[in-house]
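J.: PDB, C-alpha atoms, saved as data14.pdb, coming up:
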ATOM      1  CA  MET A   1      30.021 -83.932   1.183  1.00  0.00           C
ATOM      2  CA  GLY A   2      29.522 -86.605   3.759  1.00  0.00           C
ATOM      3  CA  LYS A   3      31.953 -88.172   6.130  1.00  0.00           C
ATOM      4  CA  TYR A   4      33.009 -90.996   3.782  1.00  0.00           C
ATOM      5  CA  ASP A   5      32.908 -89.205   0.409  1.00  0.00           C
ATOM      6  CA  VAL A   6      36.145 -89.506  -1.567  1.00  0.00           C
ATOM      7  CA  ASN A   7      36.935 -87.496  -4.697  1.00  0.00           C
ATOM      8  CA  PHE A   8      39.470 -89.821  -6.332  1.00  0.00           C
ATOM      9  CA  ILE A   9      40.572 -87.365  -9.053  1.00  0.00           C
ATOM     10  CA  LYS A  10      41.303 -84.675  -6.464  1.00  0.00           C
ATOM     11  CA  LEU A  11      43.112 -87.193  -4.264  1.00  0.00           C
ATOM     12  CA  ILE A  12      45.302 -88.345  -7.171  1.00  0.00           C
ATOM     13  CA  LYS A  13      46.115 -84.761  -8.193  1.00  0.00           C
ATOM     14  CA  GLN A  14      47.087 -83.848  -4.634  1.00  0.00           C
ATOM     15  CA  SER A  15      49.282 -86.935  -4.323  1.00  0.00           C
ATOM     16  CA  LEU A  16      51.281 -86.357  -7.525  1.00  0.00           C
ATOM     17  CA  PRO A  17      53.987 -83.738  -7.979  1.00  0.00           C
ATOM     18  CA  MET A  18      53.100 -80.853 -10.319  1.00  0.00           C
ATOM     19  CA  ALA A  19      55.704 -81.870 -12.877  1.00  0.00           C
ATOM     20  CA  VAL A  20      54.150 -85.292 -13.608  1.00  0.00           C
ATOM     21  CA  ARG A  21      50.424 -84.623 -13.368  1.00  0.00           C
ATOM     22  CA  GLY A  22      49.193 -84.439 -17.019  1.00  0.00           C
ATOM     23  CA  ASN A  23      47.905 -87.753 -18.416  1.00  0.00           C
ATOM     24  CA  LEU A  24      49.253 -89.668 -15.433  1.00  0.00           C
ATOM     25  CA  VAL A  25      46.186 -88.634 -13.414  1.00  0.00           C
ATOM     26  CA  VAL A  26      43.854 -90.467 -15.821  1.00  0.00           C
ATOM     27  CA  PHE A  27      46.189 -93.481 -15.936  1.00  0.00           C
ATOM     28  CA  ILE A  28      46.250 -93.788 -12.140  1.00  0.00           C
ATOM     29  CA  TYR A  29      42.471 -93.279 -12.034  1.00  0.00           C
ATOM     30  CA  VAL A  30      42.090 -96.336 -14.276  1.00  0.00           C
ATOM     31  CA  LEU A  31      44.555 -98.304 -12.150  1.00  0.00           C
ATOM     32  CA  ILE A  32      42.562 -97.747  -8.967  1.00  0.00           C
ATOM     33  CA  ALA A  33      39.328 -99.101 -10.498  1.00  0.00           C
ATOM     34  CA  PRO A  34      39.255-102.049  -8.029  1.00  0.00           C
ATOM     35  CA  ILE A  35      39.590 -99.628  -5.113  1.00  0.00           C
ATOM     36  CA  ARG A  36      36.741 -97.503  -6.500  1.00  0.00           C
ATOM     37  CA  TYR A  37      34.625-100.673  -6.889  1.00  0.00           C
ATOM     38  CA  ILE A  38      35.198-101.660  -3.250  1.00  0.00           C
ATOM     39  CA  TYR A  39      34.519 -98.075  -2.166  1.00  0.00           C
ATOM     40  CA  ASN A  40      31.169 -98.049  -4.037  1.00  0.00           C
ATOM     41  CA  LYS A  41      30.161-101.362  -2.437  1.00  0.00           C
ATOM     42  CA  PHE A  42      31.065 -99.914   0.957  1.00  0.00           C
ATOM     43  CA  ILE A  43      28.873 -96.837   0.360  1.00  0.00           C
ATOM     44  CA  VAL A  44      25.900 -99.007  -0.678  1.00  0.00           C
ATOM     45  CA  GLU A  45      26.273-101.212   2.435  1.00  0.00           C
ATOM     46  CA  LYS A  46      26.706 -98.157   4.672  1.00  0.00           C
ATOM     47  CA  GLU A  47      23.464 -96.628   3.396  1.00  0.00           C
ATOM     48  CA  ALA A  48      21.615 -99.931   3.856  1.00  0.00           C
ATOM     49  CA  ASN A  49      22.918-100.223   7.426  1.00  0.00           C
ATOM     50  CA  GLU A  50      21.991 -96.639   8.230  1.00  0.00           C
ATOM     51  CA  ASN A  51      18.509 -97.275   6.872  1.00  0.00           C
ATOM     52  CA  GLY A  52      18.178-100.407   9.030  1.00  0.00           C
ATOM     53  CA  LEU A  53      19.262 -98.510  12.132  1.00  0.00           C
ATOM     54  CA  THR A  54      16.365 -96.079  11.790  1.00  0.00           C
ATOM     55  CA  TYR A  55      13.918 -98.803  12.880  1.00  0.00           C
ATOM     56  CA  ASN A  56      13.145 -99.542  16.524  1.00  0.00           C
ATOM     57  CA  ALA A  57      10.714-101.734  18.452  1.00  0.00           C
ATOM     58  CA  GLN A  58       7.723 -99.407  18.250  1.00  0.00           C
ATOM     59  CA  TYR A  59       4.775-100.997  16.431  1.00  0.00           C
ATOM     60  CA  PRO A  60       4.601 -98.589  13.446  1.00  0.00           C
ATOM     61  CA  ASN A  61       8.357 -98.806  12.853  1.00  0.00           C
ATOM     62  CA  LEU A  62       8.381-102.586  13.172  1.00  0.00           C
ATOM     63  CA  GLN A  63       5.444-102.844  10.784  1.00  0.00           C
ATOM     64  CA  ARG A  64       7.216-100.568   8.281  1.00  0.00           C
ATOM     65  CA  LEU A  65      10.386-102.683   8.511  1.00  0.00           C
ATOM     66  CA  LEU A  66       8.518-105.942   7.902  1.00  0.00           C
ATOM     67  CA  ASN A  67       6.522-104.509   5.011  1.00  0.00           C
ATOM     68  CA  ASP A  68       9.639-102.983   3.416  1.00  0.00           C
ATOM     69  CA  ARG A  69      11.517-106.247   3.690  1.00  0.00           C
ATOM     70  CA  PHE A  70       8.869-108.870   2.879  1.00  0.00           C
ATOM     71  CA  ASP A  71       5.749-107.257   1.366  1.00  0.00           C
ATOM     72  CA  SER A  72       6.682-103.981  -0.308  1.00  0.00           C
ATOM     73  CA  ASP A  73       3.951-104.157  -2.973  1.00  0.00           C
ATOM     74  CA  SER A  74       0.705-104.541  -1.028  1.00  0.00           C
ATOM     75  CA  ARG A  75       1.873-103.723   2.551  1.00  0.00           C
ATOM     76  CA  ARG A  76      -0.386-106.361   4.162  1.00  0.00           C
ATOM     77  CA  ILE A  77       1.754-107.107   7.225  1.00  0.00           C
ATOM     78  CA  GLU A  78       0.196-105.640  10.348  1.00  0.00           C
ATOM     79  CA  VAL A  79       1.672-105.605  13.850  1.00  0.00           C
ATOM     80  CA  ARG A  80      -0.680-105.570  16.832  1.00  0.00           C
ATOM     81  CA  ASP A  81      -0.336-105.716  20.579  1.00  0.00           C
ATOM     82  CA  GLY A  82      -0.604-109.354  21.656  1.00  0.00           C
ATOM     83  CA  ALA A  83      -1.282-108.752  25.345  1.00  0.00           C
ATOM     84  CA  GLY A  84      -4.058-110.945  26.722  1.00  0.00           C
ATOM     85  CA  THR A  85      -4.335-113.206  23.681  1.00  0.00           C
ATOM     86  CA  ILE A  86      -2.048-115.993  24.906  1.00  0.00           C
ATOM     87  CA  ASN A  87      -3.550-118.626  27.224  1.00  0.00           C
ATOM     88  CA  GLU A  88      -1.220-119.033  30.146  1.00  0.00           C
ATOM     89  CA  THR A  89      -0.290-122.572  31.161  1.00  0.00           C
ATOM     90  CA  ILE A  90       0.216-123.092  34.878  1.00  0.00           C
ATOM     91  CA  ILE A  91       2.777-125.629  36.054  1.00  0.00           C
ATOM     92  CA  PHE A  92       2.536-126.821  39.672  1.00  0.00           C
ATOM     93  CA  ARG A  93       5.553-127.167  41.925  1.00  0.00           C
ATOM     94  CA  ASN A  94       6.949-130.584  42.822  1.00  0.00           C
ATOM     95  CA  GLU A  95       5.918-130.144  46.456  1.00  0.00           C
ATOM     96  CA  GLU A  96       2.241-130.014  45.512  1.00  0.00           C
ATOM     97  CA  LEU A  97       2.360-133.449  43.800  1.00  0.00           C
ATOM     98  CA  LYS A  98      -0.233-132.390  41.246  1.00  0.00           C
ATOM     99  CA  PRO A  99      -0.008-133.129  37.538  1.00  0.00           C
ATOM    100  CA  TRP A 100       1.522-130.511  35.293  1.00  0.00           C
ATOM    101  CA  GLU A 101      -0.712-129.236  32.543  1.00  0.00           C
ATOM    102  CA  LEU A 102       0.985-128.155  29.336  1.00  0.00           C
ATOM    103  CA  GLY A 103      -1.743-127.583  26.786  1.00  0.00           C
ATOM    104  CA  LEU A 104      -2.998-131.027  25.741  1.00  0.00           C
ATOM    105  CA  VAL A 105      -0.150-132.916  27.470  1.00  0.00           C
ATOM    106  CA  VAL A 106      -0.440-133.963  31.121  1.00  0.00           C
ATOM    107  CA  ILE A 107       2.791-134.812  32.934  1.00  0.00           C
ATOM    108  CA  HIS A 108       2.499-136.764  36.209  1.00  0.00           C
ATOM    109  CA  HIS A 109       5.049-136.611  39.005  1.00  0.00           C
ATOM    110  CA  SER A 110       7.331-139.677  39.248  1.00  0.00           C
ATOM    111  CA  SER A 111       6.140-140.547  42.782  1.00  0.00           C
ATOM    112  CA  ILE A 112       2.452-140.805  41.763  1.00  0.00           C
TER
END
Now, as a test, write the supplied structure out as structure tokens.
T.:
Amino acid sequence: MGKYDVNFIKLIKQSLPMAVRGNLVVFIYVLIAPIRYIYNKFIVEKEANENGLTYNAQYPNLQRLLNDRFDSDSRRIEVRDGAGTINETIIFRNEELKPWELGLVVIHHSSI
């Protein structure tokens, strides 16, 4: 049994006096159906959260998370190291009075 497992029949039997147990246990079990429903939803969410917490930022784990979430059938999502693939844009300081280059856009200083 895990930390959050609840045996409702056992709990009801332990809560009732011996003299009134009989069919009253089944009756109370039916009465707490909404509580059992909420409990079952909680267990499902808890397991989903625990599963999500097993992932971290390492490439294989991140790739597994993305494939599980978005492409579980063919597992085509691939995560690679992106170092060195991005062209760096250099922006000059105001003191240098040179235009700023941002990709295809050129921004000139207001005093030029």
J.: Would you mind reading off the distance between atom CA of Val26 of chain A and atom CA of Ile12 of chain A, one decimal, in Å?
T.: 9.0 Å
J.: Considering all atoms listed in the file, return as a list in words whatever protein or nucleic-acid residues lie within 7 Å of Glu78 of chain A, sequence-local ones (same chain, fewer than 2 positions apart) excluded.
T.: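 The residues satisfying every condition are Gln63, Arg76 and Arg80 of chain A.
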J.: Rounded to one decimal in Å, what is the spacing between atom CA of Arg64 of chain A and atom CA of Tyr4 of chain A?
T.: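 Separation of atom CA of Arg64 of chain A and atom CA of Tyr4 of chain A: 27.9 Å.
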J.: Quick one: everything within 9 Å of Val79 of chain A, counting all atoms listed in the file, minus sequence neighbours fewer than 4 positions away in the same chain. Send it as JSON, numbers by chain.
T.: {"A": [59, 60, 62, 63]}
J.: Can you pull out every residue within 12 Å of Asp5 of chain A, counting all atoms listed in the file, but drop anything in the same chain fewer than 2 positions away, and send it as a PyMOL selection string?
T.: chain A and resi 1-3+7-8+10-11+36+39-40+42-43+46
J.: If I take atom CA of Ile35 of chain A and atom CA of Glu47 of chain A, how far is one from the other in Å, to one decimal?
T.: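 Between these atoms lies a distance of 18.5 Å.
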J.: I'd like to know which of A:Ile9, A:Ile77, A:Met18, A:Leu66 is closest to Ile32 of chain A, using all atoms listed in the file.
T.: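 Answer, going by the shortest atom-to-atom distance: A:Ile9.
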J.: Since fewer atoms than expected are present, regenerate N, CA and C atoms for segment 56-72 of chain A and write them as a PDB file, keeping the file's coordinate frame.
T.:
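Contents of selection-v2.pdb, freshly written:
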ATOM      1  N   ASN A  56      13.060 -99.132  15.121  1.00  0.00           N
ATOM      2  CA  ASN A  56      13.145 -99.542  16.524  1.00  0.00           C
ATOM      3  C   ASN A  56      11.955-100.442  16.829  1.00  0.00           C
ATOM      4  N   ALA A  57      11.717-100.737  18.080  1.00  0.00           N
ATOM      5  CA  ALA A  57      10.714-101.734  18.452  1.00  0.00           C
ATOM      6  C   ALA A  57       9.299-101.180  18.571  1.00  0.00           C
ATOM      7  N   GLN A  58       9.082 -99.934  18.219  1.00  0.00           N
ATOM      8  CA  GLN A  58       7.723 -99.407  18.250  1.00  0.00           C
ATOM      9  C   GLN A  58       6.906-100.057  17.131  1.00  0.00           C
ATOM     10  N   TYR A  59       5.617-100.269  17.375  1.00  0.00           N
ATOM     11  CA  TYR A  59       4.775-100.997  16.431  1.00  0.00           C
ATOM     12  C   TYR A  59       4.788-100.411  15.016  1.00  0.00           C
ATOM     13  N   PRO A  60       4.601 -99.104  14.828  1.00  0.00           N
ATOM     14  CA  PRO A  60       4.601 -98.589  13.446  1.00  0.00           C
ATOM     15  C   PRO A  60       5.949 -98.797  12.744  1.00  0.00           C
ATOM     16  N   ASN A  61       7.040 -98.622  13.459  1.00  0.00           N
ATOM     17  CA  ASN A  61       8.357 -98.806  12.853  1.00  0.00           C
ATOM     18  C   ASN A  61       8.617-100.269  12.528  1.00  0.00           C
ATOM     19  N   LEU A  62       8.213-101.159  13.417  1.00  0.00           N
ATOM     20  CA  LEU A  62       8.381-102.586  13.172  1.00  0.00           C
ATOM     21  C   LEU A  62       7.522-103.034  11.989  1.00  0.00           C
ATOM     22  N   GLN A  63       6.332-102.521  11.902  1.00  0.00           N
ATOM     23  CA  GLN A  63       5.444-102.844  10.784  1.00  0.00           C
ATOM     24  C   GLN A  63       6.034-102.325   9.475  1.00  0.00           C
ATOM     25  N   ARG A  64       6.600-101.123   9.485  1.00  0.00           N
ATOM     26  CA  ARG A  64       7.216-100.568   8.281  1.00  0.00           C
ATOM     27  C   ARG A  64       8.414-101.407   7.851  1.00  0.00           C
ATOM     28  N   LEU A  65       9.228-101.840   8.819  1.00  0.00           N
ATOM     29  CA  LEU A  65      10.386-102.683   8.511  1.00  0.00           C
ATOM     30  C   LEU A  65       9.957-103.992   7.860  1.00  0.00           C
ATOM     31  N   LEU A  66       8.974-104.662   8.440  1.00  0.00           N
ATOM     32  CA  LEU A  66       8.518-105.942   7.902  1.00  0.00           C
ATOM     33  C   LEU A  66       7.899-105.783   6.518  1.00  0.00           C
ATOM     34  N   ASN A  67       7.119-104.734   6.320  1.00  0.00           N
ATOM     35  CA  ASN A  67       6.522-104.509   5.011  1.00  0.00           C
ATOM     36  C   ASN A  67       7.572-104.130   3.974  1.00  0.00           C
ATOM     37  N   ASP A  68       8.568-103.337   4.349  1.00  0.00           N
ATOM     38  CA  ASP A  68       9.639-102.983   3.416  1.00  0.00           C
ATOM     39  C   ASP A  68      10.435-104.208   3.014  1.00  0.00           C
ATOM     40  N   ARG A  69      10.669-105.089   3.955  1.00  0.00           N
ATOM     41  CA  ARG A  69      11.517-106.247   3.690  1.00  0.00           C
ATOM     42  C   ARG A  69      10.785-107.369   2.970  1.00  0.00           C
ATOM     43  N   PHE A  70       9.537-107.666   3.370  1.00  0.00           N
ATOM     44  CA  PHE A  70       8.869-108.870   2.879  1.00  0.00           C
ATOM     45  C   PHE A  70       7.635-108.626   2.004  1.00  0.00           C
ATOM     46  N   ASP A  71       7.004-107.468   2.088  1.00  0.00           N
ATOM     47  CA  ASP A  71       5.749-107.257   1.366  1.00  0.00           C
ATOM     48  C   ASP A  71       5.659-105.811   0.889  1.00  0.00           C
ATOM     49  N   SER A  72       6.611-105.384   0.082  1.00  0.00           N
ATOM     50  CA  SER A  72       6.682-103.981  -0.308  1.00  0.00           C
ATOM     51  C   SER A  72       5.564-103.569  -1.268  1.00  0.00           C
TER      52      SER A  72
END
